[in-house]
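Beneath this line is the structure, given in structure tokens, with notes to follow.
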Amino acid sequence: MPLSPYKRCFCICLLLLATPLFAVAEPTLEIGKGERLLVLAPHPDDESLSAAGLIQQVLQNGGTVRSTVVTSGDAYVGAVMQDSGKRNPSAADYLNFGEKRLEESRRAAEVLGHGFVHLDLLGFSDGSIYSALVSHWRRNNPMRSEFTGFDHVPYGQAEDRGFAQDGQDLLNELIAILRDTKPTIIAFPDVMENDSDHAGLGMFTLLAVHHWLQQYPTPHPQPKLLAYLIHWQHGWPTGSNWGIPQDWSDQPLSLPSDLPLRGHTRACVALSPAQVGLKRTALAEYKTQQRIMGDFLSAFVRSSECFTLLKPNDGNRIEQVLANWRHVRKAFDNHPLSRRKL
Ligand SMILES: [Zn+2]
């Protein structure tokens, strides 16, 4: 029997209301008891932006958390100009800024874990990850920062003080961390990130996981590989380029629809209001970043954190991953966001 015009309109309205909800809903990521979470971050603040809620949930479920921040984020020129009050900051200003950002990371980890987050501050130069991957692989040819003038880690509070900034040493460091931690969950930047250090660390992670599993006696562990996204295009996430921080805490994070799925799946962690509040408090510790990009940071303080789930053997396909990344990267290289660093 045909529906009356009123009933037909009612049904269409219901469908329109329901469709977006089903379209954006991602499966919930299950956090087991006693997980060992390793979060890998290119810069101070990426660990909190991507996984502050995940960190809290793993700890609350009796698990352990190790957070490794690879660089000091010392080459964010606009922020160093703001911090130093100089139009042409000196090498000492960049070093002072790097020390501040490392200290901010320490305080954020304390907020999230109350002493129970094992924090590694490797202290590499901002911009060194991608350089180490593509042009400074050997120890006798380390990457020298054009901002601080150092080709090795200069920071007193860094784990890797004195380490040469080269690809082989960084890879060895990551493999050692994997071997020591034996993570059951690894959160790391997606190789598709629209930032060279982020994408570079994504590739280093896949390489390190590949080597670690090769060295591991069989049967291999099957860690969950959670690729997070911080930098994309078109003002993602909503509000990240609005100029003024907004409160998005009652809205979930949705990965961008044009982020290629690549045959993987996605899942999200739902944050309680208390967990969202602690995430906001942790990010508030990044005062050098709040001053210059509070809008961007606040856009990640949402009721969920979402990830692309890779398979553990994706490290075996590193050549394919690199080829895929180079193809996408071409489209991004001239985008203004690619010059905006965290
Ligand atoms: Zn970053």
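Chains: A, B, ... in order of the structure tokens. Residues: from 1 per chain. Ligands: from 1, in order shown.
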Return as number ranges by chain the residues of protein, DNA or RNA that approach ligand 1 to within 8 Å, with only C-alpha atoms and all ligand atoms taken into account.
A: 41-46, 73, 195, 197-198, 230, 341-342
Okay, now the selection with N, CA and C atoms, as a tab-separated table (two decimals), in the first residue's frame?
chain	number	residue	atom	x	y	z
A	41	ALA	N	55.72	9.70	19.13
A	41	ALA	CA	55.32	11.06	18.74
A	41	ALA	C	56.49	11.78	18.08
A	42	PRO	N	56.25	12.43	16.95
A	42	PRO	CA	57.34	13.19	16.31
A	42	PRO	C	57.73	14.43	17.11
A	43	HIS	N	56.76	15.11	17.68
A	43	HIS	CA	57.00	16.36	18.40
A	43	HIS	C	56.31	16.33	19.76
A	44	PRO	N	56.81	17.14	20.70
A	44	PRO	CA	56.08	17.27	21.96
A	44	PRO	C	54.67	17.79	21.68
A	45	ASP	N	53.70	17.16	22.15
A	45	ASP	CA	52.24	17.40	22.10
A	45	ASP	C	51.50	16.39	21.21
A	46	ASP	N	52.20	15.76	20.24
A	46	ASP	CA	51.51	14.81	19.36
A	46	ASP	C	50.97	13.61	20.12
A	73	GLY	N	60.95	19.61	18.74
A	73	GLY	CA	60.08	20.62	18.13
A	73	GLY	C	60.70	22.01	18.16
A	195	ASP	N	52.78	16.13	6.97
A	195	ASP	CA	53.91	16.76	7.66
A	195	ASP	C	55.07	15.78	7.55
A	197	ASP	N	57.95	15.20	9.20
A	197	ASP	CA	58.40	14.45	10.37
A	197	ASP	C	57.37	13.40	10.80
A	198	HIS	N	56.09	13.76	10.68
A	198	HIS	CA	55.04	12.80	11.05
A	198	HIS	C	55.07	11.60	10.11
A	230	ILE	N	47.33	13.66	12.53
A	230	ILE	CA	47.30	15.00	13.12
A	230	ILE	C	47.19	16.06	12.03
A	341	LYS	N	53.96	23.47	11.27
A	341	LYS	CA	54.44	22.33	12.06
A	341	LYS	C	53.92	22.41	13.47
A	342	LEU	N	53.78	21.23	14.06
A	342	LEU	CA	53.49	21.19	15.50
A	342	LEU	C	54.78	20.94	16.24
Neighbouring residues of Trp242 of chain A were defined as those with any atom within 10 Å, considering only C-alpha atoms; residues of the same chain fewer than 4 positions away were excluded. Please report them as a PyMOL selection string.
chain A and resi 235+238+246+293-296+299
Could those selected residues go to a file with C-alpha atoms, as a short mmCIF file (atom, residue, chain, number, x, y, z; two decimals), in the first residue's frame?
data_model
loop_
_atom_site.label_atom_id
_atom_site.label_comp_id
_atom_site.auth_asym_id
_atom_site.auth_seq_id
_atom_site.Cartn_x
_atom_site.Cartn_y
_atom_site.Cartn_z
CA GLY A 235 41.06 22.56 7.68
CA THR A 238 36.87 21.19 11.88
CA GLN A 246 36.56 26.33 20.47
CA MET A 293 47.85 27.47 17.67
CA GLY A 294 45.30 27.05 20.43
CA ASP A 295 42.62 26.59 17.76
CA PHE A 296 44.46 23.57 16.36
CA ALA A 299 40.12 20.82 17.69
#
Write down as a PyMOL selection string the residues of segment 95-133 of chain A whose backbone DSSP state falls under strand (DSSP E or B).
chain A and resi 117-124
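Distance check against Ser67 of chain A using only C-alpha atoms: of A:Leu225, A:Leu283, A:Ile244, A:Ile177, the minimum falls on A:Ile177.
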Compare A:Leu102, A:Leu37, A:Val134, A:Leu170 by their minimum atom-to-atom distance to Thr184 of chain A, counting only C-alpha atoms, and give me the closest one.
A:Leu37
Pick from A:Ala132, A:Val153, A:Leu54, A:Ala199 nearest to Asp74 of chain A, counting only C-alpha atoms:
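Smallest separation from Asp74 of chain A among the options: A:Val153.
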